[in-house]
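Raw contents of work.cif, mmCIF, C-alpha atoms:
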```cif
data_entry
loop_
_atom_site.label_atom_id
_atom_site.label_comp_id
_atom_site.auth_asym_id
_atom_site.auth_seq_id
_atom_site.Cartn_x
_atom_site.Cartn_y
_atom_site.Cartn_z
CA MET O 268 -66.16 44.85 59.63
CA THR O 269 -63.24 43.75 57.47
CA ASP O 270 -63.88 40.99 54.85
CA TYR O 271 -61.17 38.35 54.79
CA LEU O 272 -60.49 36.51 51.52
CA SER O 273 -59.73 32.87 51.44
CA VAL O 274 -56.46 31.70 49.92
CA GLY O 275 -58.36 30.00 47.13
CA THR O 276 -60.33 33.19 46.30
CA LEU O 277 -57.13 35.24 46.11
CA THR O 278 -55.41 32.63 43.99
CA LYS O 279 -58.35 32.45 41.57
CA TYR O 280 -58.37 36.24 41.30
CA LEU O 281 -54.66 36.32 40.52
CA LYS O 282 -55.01 33.50 37.98
CA ARG O 283 -57.73 35.45 36.13
CA LYS O 284 -55.44 38.48 36.07
CA PHE O 285 -52.61 36.36 34.67
CA ASP O 286 -54.86 34.84 32.02
CA LYS O 287 -56.49 38.10 30.88
CA ASP O 288 -53.62 40.55 31.19
CA PRO O 289 -52.42 41.33 27.60
CA TYR O 290 -48.87 41.90 28.86
CA LEU O 291 -48.72 38.34 30.22
CA GLU O 292 -50.56 36.63 27.38
CA ARG O 293 -47.37 36.50 25.26
CA VAL O 294 -44.10 36.99 27.13
CA PHE O 295 -40.59 37.30 25.59
CA LEU O 296 -38.15 36.14 28.21
CA THR O 297 -34.41 35.48 28.39
CA GLY O 298 -32.68 33.40 31.02
CA GLN O 299 -30.30 30.58 31.85
CA VAL O 300 -31.52 26.98 31.84
CA SER O 301 -31.37 25.48 35.35
CA ASN O 302 -32.36 22.14 36.91
CA PHE O 303 -32.72 20.61 33.46
CA ARG O 304 -32.88 16.85 33.00
CA ALA O 305 -34.10 15.51 29.68
CA ARG O 306 -37.34 13.54 30.05
CA PRO O 307 -39.05 11.23 27.52
CA ASN O 308 -41.95 13.62 26.90
CA HIS O 309 -42.62 17.03 28.52
CA GLN O 310 -39.73 19.02 29.92
CA TYR O 311 -39.75 20.81 33.30
CA PHE O 312 -36.91 23.11 34.34
CA SER O 313 -36.17 26.65 35.56
CA LEU O 314 -35.09 29.89 33.92
CA LYS O 315 -33.01 32.20 36.06
CA ASP O 316 -30.88 35.29 36.10
CA ASP O 317 -28.96 36.95 38.90
CA GLN O 318 -32.16 38.35 40.44
CA ALA O 319 -34.92 35.74 40.17
CA VAL O 320 -36.00 32.25 39.10
CA ILE O 321 -39.15 31.16 37.22
CA GLN O 322 -40.35 27.63 36.57
CA ALA O 323 -40.68 26.65 32.93
CA THR O 324 -42.71 23.98 31.14
CA MET O 325 -42.20 22.80 27.55
CA TRP O 326 -44.62 20.31 26.01
CA SER O 327 -43.13 17.37 24.05
CA GLY O 328 -44.37 18.72 20.69
CA VAL O 329 -42.42 21.95 21.16
CA TYR O 330 -39.34 20.18 22.55
CA GLN O 331 -39.08 17.73 19.65
CA LYS O 332 -39.14 20.56 17.11
CA LEU O 333 -36.27 22.49 18.67
CA PRO O 334 -33.48 23.06 16.08
CA PHE O 335 -30.86 22.68 18.82
CA THR O 336 -30.19 20.49 21.86
CA LEU O 337 -31.40 21.95 25.13
CA GLU O 338 -28.70 21.72 27.80
CA GLU O 339 -28.10 22.71 31.43
CA GLY O 340 -26.57 26.18 31.80
CA GLN O 341 -27.61 27.29 28.31
CA GLN O 342 -28.70 30.91 27.79
CA ILE O 343 -31.92 30.92 25.76
CA ASN O 344 -34.62 33.27 24.55
CA VAL O 345 -38.17 31.95 24.93
CA VAL O 346 -41.68 33.01 23.96
CA GLY O 347 -44.57 31.77 26.08
CA ARG O 348 -47.49 32.42 28.40
CA VAL O 349 -47.22 33.08 32.13
CA GLN O 350 -49.64 30.97 34.12
CA LEU O 351 -50.51 30.50 37.79
CA TYR O 352 -50.89 27.02 39.22
CA ALA O 353 -53.62 27.34 41.84
CA PRO O 354 -53.01 24.19 43.96
CA ASN O 355 -49.61 25.39 45.18
CA GLY O 356 -49.86 29.07 44.31
CA SER O 357 -46.78 29.02 42.05
CA TYR O 358 -46.43 30.65 38.69
CA SER O 359 -44.48 29.51 35.67
CA ILE O 360 -44.01 30.14 31.98
CA LEU O 361 -45.35 27.73 29.36
CA ILE O 362 -42.78 27.88 26.55
CA GLU O 363 -44.08 27.90 23.00
CA ARG O 364 -40.82 28.70 21.19
CA ALA O 365 -37.13 28.83 22.14
CA GLU O 366 -33.81 29.71 20.52
CA PRO O 367 -30.24 30.17 21.75
CA ALA O 368 -29.45 33.59 23.17
CA GLY O 369 -26.26 35.48 22.38
CA VAL O 370 -25.21 33.15 19.48
CA GLY O 371 -27.14 32.21 16.39
CA GLU O 372 -29.07 29.01 16.04
CA LEU O 373 -26.79 27.68 13.28
CA ALA O 374 -23.68 28.41 15.34
CA LEU O 375 -25.08 26.42 18.23
CA ARG O 376 -26.09 23.55 15.96
CA PHE O 377 -22.58 23.63 14.47
CA GLU O 378 -20.92 23.32 17.88
CA GLN O 379 -23.27 20.59 19.04
CA LEU O 380 -22.84 18.51 15.87
CA LYS O 381 -19.08 19.02 15.97
CA LYS O 382 -19.06 17.78 19.55
CA GLU O 383 -21.08 14.68 18.64
CA LEU O 384 -18.96 13.80 15.60
CA THR O 385 -15.75 14.38 17.52
CA ALA O 386 -16.91 11.95 20.20
CA ALA O 387 -17.74 9.43 17.44
CA GLY O 388 -14.13 9.64 16.14
CA PHE O 389 -14.85 11.19 12.73
CA PHE O 390 -12.09 13.78 13.05
CA LYS O 391 -9.26 11.61 14.42
CA ALA O 392 -5.92 11.98 12.66
CA GLU O 393 -5.48 8.20 12.48
CA HIS O 394 -8.33 7.99 9.95
CA LYS O 395 -6.85 10.55 7.54
CA GLN O 396 -5.18 9.40 4.33
CA ALA O 397 -2.01 10.81 2.83
CA LEU O 398 -2.39 12.60 -0.50
CA PRO O 399 -0.72 10.86 -3.48
CA HIS O 400 2.51 12.36 -4.81
CA PHE O 401 1.39 11.90 -8.41
CA ASN O 402 -2.21 12.06 -9.63
CA ARG O 403 -3.32 11.10 -13.11
CA LYS O 404 -7.02 11.98 -12.67
CA ILE O 405 -8.61 14.41 -10.20
CA GLY O 406 -12.29 14.40 -9.25
CA VAL O 407 -14.12 17.58 -8.20
CA VAL O 408 -17.49 17.72 -6.40
CA THR O 409 -18.86 21.26 -6.71
CA SER O 410 -21.32 23.42 -8.64
CA GLN O 411 -21.13 23.12 -12.40
CA SER O 412 -21.59 26.86 -12.90
CA GLY O 413 -19.50 28.19 -10.01
CA ALA O 414 -16.05 29.77 -10.11
CA VAL O 415 -14.53 26.89 -8.09
CA ILE O 416 -14.25 24.45 -10.99
CA GLN O 417 -12.79 27.14 -13.27
CA ASP O 418 -10.14 28.08 -10.67
CA ILE O 419 -9.19 24.42 -10.25
CA ILE O 420 -8.97 23.81 -14.02
CA THR O 421 -6.84 26.94 -14.52
CA THR O 422 -4.44 26.04 -11.70
CA VAL O 423 -4.05 22.40 -12.73
CA ASN O 424 -3.45 23.28 -16.39
CA ARG O 425 -0.81 25.78 -15.34
CA ARG O 426 1.01 23.37 -13.06
CA PHE O 427 0.55 20.11 -14.98
CA PRO O 428 -0.91 20.53 -18.50
CA GLY O 429 -2.82 17.49 -19.73
CA LEU O 430 -3.82 16.19 -16.30
CA SER O 431 -7.40 14.88 -16.40
CA ILE O 432 -10.13 16.55 -14.30
CA ARG O 433 -13.59 15.02 -13.85
CA LEU O 434 -16.48 17.12 -12.51
CA TYR O 435 -19.22 15.62 -10.33
CA PRO O 436 -21.79 18.46 -10.33
CA ALA O 437 -23.93 19.08 -7.25
CA LYS O 438 -25.94 21.83 -5.59
CA VAL O 439 -23.76 23.47 -2.95
CA GLN O 440 -26.41 25.36 -0.99
CA GLY O 441 -30.10 25.26 -0.29
CA GLU O 442 -32.55 22.43 0.19
CA GLY O 443 -31.29 19.07 -1.02
CA ALA O 444 -27.68 20.26 -1.43
CA ALA O 445 -26.27 18.01 1.29
CA SER O 446 -27.87 14.90 -0.25
CA GLU O 447 -26.49 15.75 -3.72
CA ILE O 448 -22.99 16.39 -2.40
CA ALA O 449 -22.95 13.09 -0.48
CA ALA O 450 -24.31 11.17 -3.49
CA GLN O 451 -21.63 12.62 -5.82
CA ILE O 452 -18.86 11.76 -3.34
CA GLN O 453 -20.12 8.18 -3.31
CA ARG O 454 -20.34 8.16 -7.12
CA ALA O 455 -16.77 9.41 -7.45
CA ASN O 456 -15.58 6.56 -5.22
CA LEU O 457 -16.98 4.08 -7.74
CA ASP O 458 -14.59 5.36 -10.44
CA GLU O 459 -11.47 3.24 -10.04
CA ASP O 460 -9.28 5.52 -12.18
CA LEU O 461 -9.57 8.52 -9.85
CA ASP O 462 -6.62 9.31 -7.57
CA VAL O 463 -7.89 12.17 -5.39
CA LEU O 464 -11.15 14.07 -4.80
CA ILE O 465 -11.72 17.82 -4.19
CA VAL O 466 -14.98 18.82 -2.46
CA GLY O 467 -15.89 22.47 -2.08
CA ARG O 468 -17.56 25.72 -3.04
CA GLY O 469 -16.95 29.46 -2.89
CA GLY O 470 -17.46 31.76 0.07
CA GLY O 471 -20.73 32.75 1.72
CA SER O 472 -22.56 33.04 5.00
CA MET O 473 -22.92 30.20 7.47
CA GLU O 474 -26.37 29.53 6.00
CA ASP O 475 -24.85 29.31 2.50
CA LEU O 476 -22.16 26.86 3.65
CA TRP O 477 -24.43 24.82 5.88
CA ALA O 478 -24.73 21.85 3.49
CA PHE O 479 -21.08 21.07 4.26
CA ASN O 480 -21.93 20.83 7.97
CA GLU O 481 -24.63 18.18 7.50
CA GLU O 482 -23.86 14.77 8.94
CA ILE O 483 -24.63 13.02 5.63
CA VAL O 484 -21.79 14.93 3.93
CA VAL O 485 -19.39 14.42 6.83
CA ARG O 486 -20.08 10.68 6.79
CA ALA O 487 -19.63 10.43 3.00
CA ILE O 488 -16.20 12.09 3.25
CA PHE O 489 -15.23 9.91 6.21
CA GLU O 490 -16.15 6.71 4.30
CA SER O 491 -14.43 7.79 1.06
CA ARG O 492 -11.73 5.43 -0.18
CA LEU O 493 -10.28 8.36 -2.14
CA PRO O 494 -8.22 10.97 -0.29
CA VAL O 495 -10.43 14.07 0.02
CA ILE O 496 -9.33 17.72 -0.12
CA SER O 497 -11.96 20.15 1.20
CA SER O 498 -12.14 23.72 -0.06
CA VAL O 499 -15.26 25.34 1.40
CA GLY O 500 -15.69 29.11 1.66
CA HIS O 501 -12.88 31.51 2.37
CA GLU O 502 -9.77 31.04 4.48
CA THR O 503 -11.55 32.06 7.68
CA ASP O 504 -14.57 29.81 7.09
CA MET O 505 -14.54 26.41 8.74
CA THR O 506 -17.06 23.65 8.13
CA LEU O 507 -17.33 20.13 9.47
CA ALA O 508 -16.29 18.93 6.00
CA ASP O 509 -12.94 20.66 6.62
CA PHE O 510 -12.48 18.78 9.90
CA VAL O 511 -13.22 15.33 8.46
CA ALA O 512 -11.36 15.76 5.13
CA ASP O 513 -7.89 14.30 4.72
CA GLN O 514 -6.57 17.78 3.84
CA ARG O 515 -8.13 21.25 4.05
CA ALA O 516 -7.40 23.97 1.48
CA ALA O 517 -8.16 27.64 2.11
CA THR O 518 -9.08 28.31 -1.53
CA PRO O 519 -9.87 26.32 -4.71
CA THR O 520 -6.46 27.33 -6.05
CA ALA O 521 -4.77 25.93 -2.96
CA ALA O 522 -6.81 22.72 -3.37
CA ALA O 523 -5.60 22.32 -6.96
CA GLU O 524 -2.01 22.87 -5.81
CA LEU O 525 -2.39 20.17 -3.15
CA ALA O 526 -3.73 17.81 -5.85
CA THR O 527 -0.66 18.55 -8.01
CA PRO O 528 2.18 18.65 -5.45
CA TYR O 529 4.75 18.59 -8.25
CA THR O 530 4.61 20.45 -11.55
CA LYS O 531 5.42 18.82 -14.87
CA ALA O 532 8.75 20.66 -14.84
CA ASP O 533 9.50 19.11 -11.44
CA TYR O 534 8.95 15.63 -12.86
CA PHE O 535 11.14 16.29 -15.91
CA LEU O 536 13.90 17.53 -13.63
CA ALA O 537 13.56 14.44 -11.44
CA LEU O 538 13.72 12.20 -14.53
CA GLU O 539 16.88 13.95 -15.74
CA ARG O 540 18.50 13.46 -12.35
CA SER O 541 17.50 9.79 -12.29
CA GLN O 542 18.87 9.33 -15.79
CA LEU O 543 22.17 10.90 -14.77
CA ARG O 544 22.42 8.69 -11.67
CA LEU O 545 21.64 5.60 -13.77
CA LYS O 546 24.32 6.50 -16.34
CA GLN O 547 26.87 7.02 -13.58
CA LEU O 548 25.99 3.66 -12.07
CA VAL O 549 26.29 1.88 -15.43
CA ASP O 550 29.62 3.57 -16.12
CA GLN O 551 30.91 2.43 -12.73
CA GLN O 552 29.81 -1.14 -13.41
CA LEU O 553 31.41 -1.14 -16.88
CA LYS O 554 34.67 0.21 -15.49
CA ALA O 555 34.73 -2.45 -12.81
CA LYS O 556 34.13 -5.15 -15.43
CA ARG O 557 36.87 -3.77 -17.71
CA ASP O 558 39.34 -3.66 -14.82
CA ARG O 559 38.46 -7.25 -13.96
CA LEU O 560 38.88 -8.31 -17.60
CA GLU O 561 42.30 -6.70 -17.81
CA VAL O 562 43.40 -8.53 -14.67
CA LEU O 563 42.18 -11.83 -16.10
CA ALA O 564 43.84 -11.13 -19.46
CA LYS O 565 47.17 -10.82 -17.71
CA SER O 566 46.70 -14.01 -15.71
CA ILE O 567 48.23 -17.36 -16.62
CA ILE O 568 44.80 -18.79 -17.47
CA PHE O 569 44.44 -16.58 -20.53
CA ARG O 570 48.05 -17.01 -21.56
CA GLN O 571 47.73 -20.80 -21.35
CA PRO O 572 43.98 -21.58 -21.71
CA GLU O 573 44.59 -25.35 -21.74
CA ARG O 574 45.35 -25.09 -18.02
CA LEU O 575 41.69 -24.27 -17.46
CA TYR O 576 40.82 -27.96 -17.64
CA ASP O 577 44.09 -29.62 -16.56
CA SER O 578 42.84 -30.15 -13.04
CA TYR O 579 39.56 -31.61 -14.33
CA VAL O 580 41.42 -34.14 -16.54
CA GLN O 581 43.53 -35.21 -13.60
CA LYS O 582 40.51 -35.57 -11.37
CA LEU O 583 38.70 -37.61 -14.04
CA ASP O 584 41.69 -39.98 -14.36
CA GLN O 585 41.78 -40.42 -10.61
CA LEU O 586 38.07 -41.17 -10.47
CA ASP O 587 38.41 -43.70 -13.32
CA LEU O 588 41.23 -45.46 -11.49
CA GLN O 589 39.28 -45.48 -8.22
CA LEU O 590 36.23 -46.90 -10.01
CA LYS O 591 38.22 -49.77 -11.49
CA GLN O 592 39.79 -50.52 -8.14
CA VAL O 593 36.43 -50.52 -6.39
CA VAL O 594 34.89 -52.83 -9.01
CA GLU O 595 37.81 -55.27 -8.92
CA LYS O 596 37.82 -55.30 -5.13
CA GLU O 597 34.06 -55.88 -5.02
CA LEU O 598 34.35 -58.71 -7.59
CA GLN O 599 37.08 -60.39 -5.59
CA ARG O 600 35.02 -60.11 -2.43
CA LYS O 601 31.99 -61.69 -4.10
CA GLN O 602 34.13 -64.53 -5.54
CA HIS O 603 35.62 -65.19 -2.15
CA GLN O 604 32.15 -65.32 -0.60
CA SER O 605 31.05 -67.69 -3.36
CA GLN O 606 33.94 -70.06 -2.69
CA LEU O 607 33.22 -70.07 1.02
CA LEU O 608 29.57 -70.80 0.33
CA TYR O 609 30.44 -73.58 -2.07
CA GLN O 610 32.78 -75.24 0.41
CA SER O 611 30.16 -74.94 3.15
CA LEU O 612 27.56 -76.60 0.94
CA ILE O 613 29.90 -79.45 0.15
CA ARG O 614 30.50 -80.08 3.81
CA GLN O 615 26.87 -79.85 4.83
CA ASN O 616 24.90 -81.47 1.94
CA PRO O 617 24.90 -85.14 1.01
CA THR O 618 26.26 -86.32 -2.32
CA PRO O 619 22.87 -86.66 -4.15
CA ARG O 620 22.20 -82.96 -3.63
CA LEU O 621 25.72 -81.83 -4.41
CA GLU O 622 25.20 -81.54 -8.14
CA ARG O 623 22.00 -79.56 -7.67
CA ASN O 624 23.73 -77.16 -5.27
CA ARG O 625 26.65 -76.85 -7.65
CA ASP O 626 24.27 -75.81 -10.43
CA GLN O 627 22.64 -73.23 -8.16
CA LEU O 628 26.01 -71.87 -7.22
CA SER O 629 27.04 -71.66 -10.86
CA ARG O 630 23.92 -69.68 -11.67
CA LEU O 631 24.63 -67.34 -8.77
CA GLU O 632 28.15 -66.72 -10.07
CA LYS O 633 26.85 -65.99 -13.56
CA ASP O 634 24.25 -63.58 -12.19
CA LEU O 635 26.90 -61.87 -10.13
CA GLN O 636 29.21 -61.52 -13.11
CA ARG O 637 26.37 -60.14 -15.24
CA VAL O 638 25.47 -57.55 -12.57
CA MET O 639 29.08 -56.48 -12.23
CA ARG O 640 29.46 -56.21 -16.02
CA ASP O 641 26.33 -54.05 -16.22
CA TYR O 642 27.55 -51.86 -13.35
CA LEU O 643 30.97 -51.49 -14.97
CA SER O 644 29.43 -50.76 -18.39
CA LYS O 645 27.22 -47.97 -17.03
CA ALA O 646 30.12 -46.47 -15.10
CA GLN O 647 32.24 -46.47 -18.26
CA GLN O 648 29.41 -44.80 -20.19
CA ARG O 649 29.18 -42.00 -17.58
CA TYR O 650 32.94 -41.67 -17.73
CA GLN O 651 32.86 -41.40 -21.53
CA VAL O 652 30.12 -38.72 -21.45
CA ALA O 653 32.11 -36.67 -18.96
CA SER O 654 35.31 -37.18 -20.93
CA ASP O 655 33.63 -36.08 -24.19
CA ALA O 656 32.21 -32.98 -22.53
CA LEU O 657 35.58 -32.13 -21.06
CA SER O 658 37.29 -32.62 -24.41
CA GLN O 659 35.08 -29.89 -25.85
CA LEU O 660 36.98 -27.46 -23.65
CA GLU O 661 40.30 -28.50 -25.14
CA LEU O 662 41.80 -25.70 -27.21
CA ARG O 663 41.97 -27.69 -30.48
CA GLN O 664 38.35 -28.63 -30.16
CA ILE O 665 37.46 -24.97 -29.75
CA LEU O 666 39.48 -24.04 -32.82
CA GLN O 667 37.71 -26.73 -34.84
CA ARG O 668 34.39 -25.00 -34.15
CA GLY O 669 35.53 -21.94 -36.10
CA TYR O 670 37.19 -19.88 -33.38
CA ALA O 671 40.72 -18.46 -33.60
CA LEU O 672 43.40 -17.62 -31.02
CA VAL O 673 45.17 -14.27 -31.43
CA LYS O 674 48.63 -13.91 -29.88
CA LYS O 675 51.13 -11.10 -29.62
CA ASP O 676 54.61 -12.13 -28.50
CA ASP O 677 53.15 -15.48 -27.27
CA ALA O 678 50.59 -13.58 -25.10
CA ILE O 679 46.91 -13.97 -25.87
CA VAL O 680 45.17 -10.80 -27.12
CA SER O 681 41.71 -10.34 -25.51
CA HIS O 682 41.16 -6.59 -26.07
CA SER O 683 41.84 -4.16 -28.92
CA LYS O 684 43.70 -1.87 -26.52
CA GLN O 685 46.52 -4.48 -26.32
CA VAL O 686 47.61 -3.85 -29.94
CA GLN O 687 48.63 -0.89 -32.03
CA SER O 688 48.93 -0.21 -35.73
CA GLY O 689 51.99 -1.99 -37.13
CA ASP O 690 52.06 -4.79 -34.53
CA SER O 691 52.71 -8.34 -35.71
CA LEU O 692 50.20 -10.91 -34.56
CA THR O 693 49.89 -14.69 -34.78
CA ILE O 694 46.42 -16.15 -35.45
CA GLU O 695 46.13 -19.85 -34.64
CA LEU O 696 43.52 -21.86 -36.55
CA GLN O 697 42.56 -25.54 -36.33
CA ASP O 698 45.00 -26.57 -39.10
CA GLY O 699 47.75 -23.96 -38.83
CA HIS O 700 48.49 -20.36 -38.06
CA LEU O 701 48.66 -16.98 -39.76
CA GLU O 702 51.24 -14.24 -39.33
CA VAL O 703 49.55 -10.84 -39.81
CA GLU O 704 50.32 -7.14 -39.39
CA VAL O 705 47.83 -4.70 -37.82
CA LYS O 706 46.90 -1.81 -40.14
CA HIS O 707 44.23 -0.09 -38.06
CA VAL O 708 42.88 -0.40 -34.50
CA GLN O 709 39.31 0.67 -33.64
CA ASN O 710 38.24 0.56 -29.99
CA THR O 711 34.53 0.01 -29.33
CA ASP O 712 33.36 0.77 -25.76
CA ILE O 713 30.52 -1.47 -24.56
#
```

Would you mind giving the structure from this file in C-alpha cells?
Amino acid sequence: MTDYLSVGTLTKYLKRKFDKDPYLERVFLTGQVSNFRARPNHQYFSLKDDQAVIQATMWSGVYQKLPFTLEEGQQINVVGRVQLYAPNGSYSILIERAEPAGVGELALRFEQLKKELTAAGFFKAEHKQALPHFNRKIGVVTSQSGAVIQDIITTVNRRFPGLSIRLYPAKVQGEGAASEIAAQIQRANLDEDLDVLIVGRGGGSMEDLWAFNEEIVVRAIFESRLPVISSVGHETDMTLADFVADQRAATPTAAAELATPYTKADYFLALERSQLRLKQLVDQQLKAKRDRLEVLAKSIIFRQPERLYDSYVQKLDQLDLQLKQVVEKELQRKQHQSQLLYQSLIRQNPTPRLERNRDQLSRLEKDLQRVMRDYLSKAQQRYQVASDALSQLELRQILQRGYALVKKDDAIVSHSKQVQSGDSLTIELQDGHLEVEVKHVQNTDI
C-alpha cells in the first residue's frame, strides 16, 4: 500500500533540507531588482533574470547600512540565505549584504549623489561667478606637502612675479579629508583681501579623489563668495567639485593660468597703449584750444577789448533811466491818490475833524516820501555796485592793476607766434606806452 504524504509534511521536509544544506546556507546571487517600493522598515522585492524570479527580503538594519540607494531595475549582487516559507510553500532569499553589480560601489554613489545635487540646482550655470581679470591675492586649498601648491607657485611666479599666494592646507584624501577641505574653503572666504580660490589635488583613483565628491565639500564651494577654480586629479578625472566650481582646470598649472589671465607683460603693454591713447587725446584737445584761441585773437573783441563791455554799459544806462522813470511815475501816482483822498475827506468830514484828518494825511505823505526815498536809495546803491564792478573791466582799470597791452601794427598780440625777431611792438601801460624791438622769440607749448 502506498503511503501518501501530507502537504505540510512535504513542506517541512523541504524546509529542513533548505536549512541544513551547506550549499544553501550562504548563497551568492546576482539579479535585477524588481517590484521594489521603498518601505519605512523592512524591504520586500524580487530578484530576477531572463529565466527565473526569486522573492527577496532585506531587514531594516541591513537596508539602512547600504552604501548606495536601492532602486527599481538595478543590477545587484547579494549574499544571503535561502529559506522556505511553509504557510504558502514559497521560497525566498534573506539578504544579508548587497552591492551594485557591473559597476563599483563608489561609481554608483557618485552617480546617485550627482543626480541629487543636480536636482537641487547646485550645478546650474546661473550660480557660477565670472573669474576676475586681475587678481592681487590667490588662495589655494590643497595639501601642504603635495606637488599641486609647488606647480601653482611656479606658474604664477612665471606669469606674474610678485603676486601673492596664500595656502590653506588640508588633507586631500582619507578619513576626515572632506571636513578639512570644506573648513578651509570657509576660512578662505573670511579673508577679505582674497580675489580667487583654487581647490584641488593631484591625480589618483576614485577612492583617492572621493573627498571632493562629498556633499560637504560641494556645498562649501557652492556657498563660496569667492570665485572657485577646481583642479582635482588628471584631465580625465571628474569630481562633483568640478561640476559645482565656477571654473574647472585640468591641471594645477592650468588652474594657475586661469587665476592669472594676463601676464605682467600684458599689463605693461596695455598701460603703454592707454598712455599713448591719452597723449593723443590731450594733443587733440590742445590743438582744438589753440585753433580756437587763434580765431579769437583775430576777432574784433581782441583788437578792441573795450567793446567787450560796451553793450553792458548801454544796458546799465537803460536800466538806470527806466528805474528813475518808474520811481517818478509811482511817486506821481501816489501824490495823485493822496490829493483825491484829501479832497474826499474834506467833502465827507465836518469842520472840527478836518484839522485832525489833515494831520493824518500829512503824516501819510511823509511816510510815503520816506519809503520812496529809501527805495530809490537802495536802487541807486545796487546801480553803483554794478557800475563799479563793470568799471573794473574797463581797459584802463585793467592796466592800473599791473597788466600791459602789447600791440603790433595796432593789432593786439596774444601769442608769441604772432611776432618775430626784429618786430617793433607797442606796450601800453597805465600812464603811457613803450616802443620796443623784439630781440628773441621763444615759443612754449602748453

Problem - Which of O:Phe427, O:Phe312, O:Phe389, O:Tyr352 sits closest to Pro528 of chain O [using all atoms listed in the file] - result: O:Phe427

Problem - the PyMOL selection byres ((chain O and resi 269-278) around 10) resolved against shown file, as a ChimeraX atom specification - result: /O:268,279-284,351-357

Practice task
For the structure shown, which residues end up in the PyMOL selection byres ((chain O and resi 433) around 12)? Put them as a list in words, please?
Solution key: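 So the PyMOL selection byres ((chain O and resi 433) around 12) ends up selecting Arg403, Lys404, Ile405, Gly406, Val407, Val408, Thr409, Gln411, Ile416, Ile419, Ile420, Leu430, Ser431, Ile432, Leu434, Tyr435, Pro436, Gln451, Arg454, Ala455, Asp458, Asp460, Leu461, Asp462, Val463, Leu464 and Ile465 of chain O.
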
Practice task
Could you please determine the separation between atom CA of Met325 of chain O and atom CA of Leu375 of chain O in Å, to one decimal place?
Solution key: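 So the answer is 19.8 Å.
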
Would you compute an axis-aligned box for segment 379-389 of chain O, covering every atom listed for it in the file with 6 Å of margin on each side, and report centre and edge lengths in Å to one decimal as JSON?
```
{"center_x": -18.7, "center_y": 15.0, "center_z": 16.5, "size_x": 21.1, "size_y": 23.2, "size_z": 19.5}
```

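Between atom CA of Pro399 of chain O and atom CA of Phe535 of chain O there is a distance of 18.0 Å.
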
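Take atom CA of Gly413 of chain O and atom CA of Gly500 of chain O: the distance between them is 12.3 Å.
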
If the PyMOL selection byres ((chain O and resi 301-304) around 8) were run on this exact file, what residues would it hold? Put them as a short mmCIF file (atom, residue, chain, number, x, y, z; two decimals) with C-alpha atoms, in the coordinates of the input.
```
data_model
loop_
_atom_site.label_atom_id
_atom_site.label_comp_id
_atom_site.auth_asym_id
_atom_site.auth_seq_id
_atom_site.Cartn_x
_atom_site.Cartn_y
_atom_site.Cartn_z
CA GLN O 299 -30.30 30.58 31.85
CA VAL O 300 -31.52 26.98 31.84
CA ALA O 305 -34.10 15.51 29.68
CA ARG O 306 -37.34 13.54 30.05
CA GLN O 310 -39.73 19.02 29.92
CA TYR O 311 -39.75 20.81 33.30
CA PHE O 312 -36.91 23.11 34.34
CA SER O 313 -36.17 26.65 35.56
CA LEU O 314 -35.09 29.89 33.92
CA LYS O 315 -33.01 32.20 36.06
CA GLU O 338 -28.70 21.72 27.80
CA GLU O 339 -28.10 22.71 31.43
CA GLY O 340 -26.57 26.18 31.80
#
```

Exercise for the section: Pick out the residues sitting within 10 Å of Leu525 of chain O, and hand them over as a list in words; count only C-alpha atoms, and ignore anything fewer than 5 positions along from it in its own chain. Expected result: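 In the requested form, the answer reads Leu398, Pro399, His400, Val423, Val463, Ile465, Ile496, Gln514, Arg515, Ala516, Pro519 and Thr520 of chain O.
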
Problem - Nearest to Lys596 of chain O, chosen from O:Ala450, O:Lys391, O:Ala508, O:Met639, with only C-alpha atoms counted in the distances - result: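 Closest to Lys596 of chain O of all the choices is O:Met639.
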
Practice task
Determine, counting only C-alpha atoms, which protein, DNA and RNA residues have an atom within 8 Å of an atom of segment 686-703 of chain O; residues of the same chain fewer than 5 positions away are not included. Present the result as a count of residues only.
Solution key: 13

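By only C-alpha atoms, and with residues fewer than 6 positions from Lys591 of chain O along its chain excluded, the set lying at most 10 Å from it is Glu597, Leu643, Ala646 and Gln647 of chain O.
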
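Of the residues under consideration (O:Ala414, O:Leu384, O:Arg293, O:Gln581), O:Arg293 shows the shortest atom-to-atom contact distance to Leu361 of chain O when counting only C-alpha atoms.
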
Practice task
Find the residue from O:Ile665, O:Leu598, O:Ile483, O:Val562 that sits nearest to His682 of chain O; use all atoms listed in the file when measuring.
Solution key: O:Val562
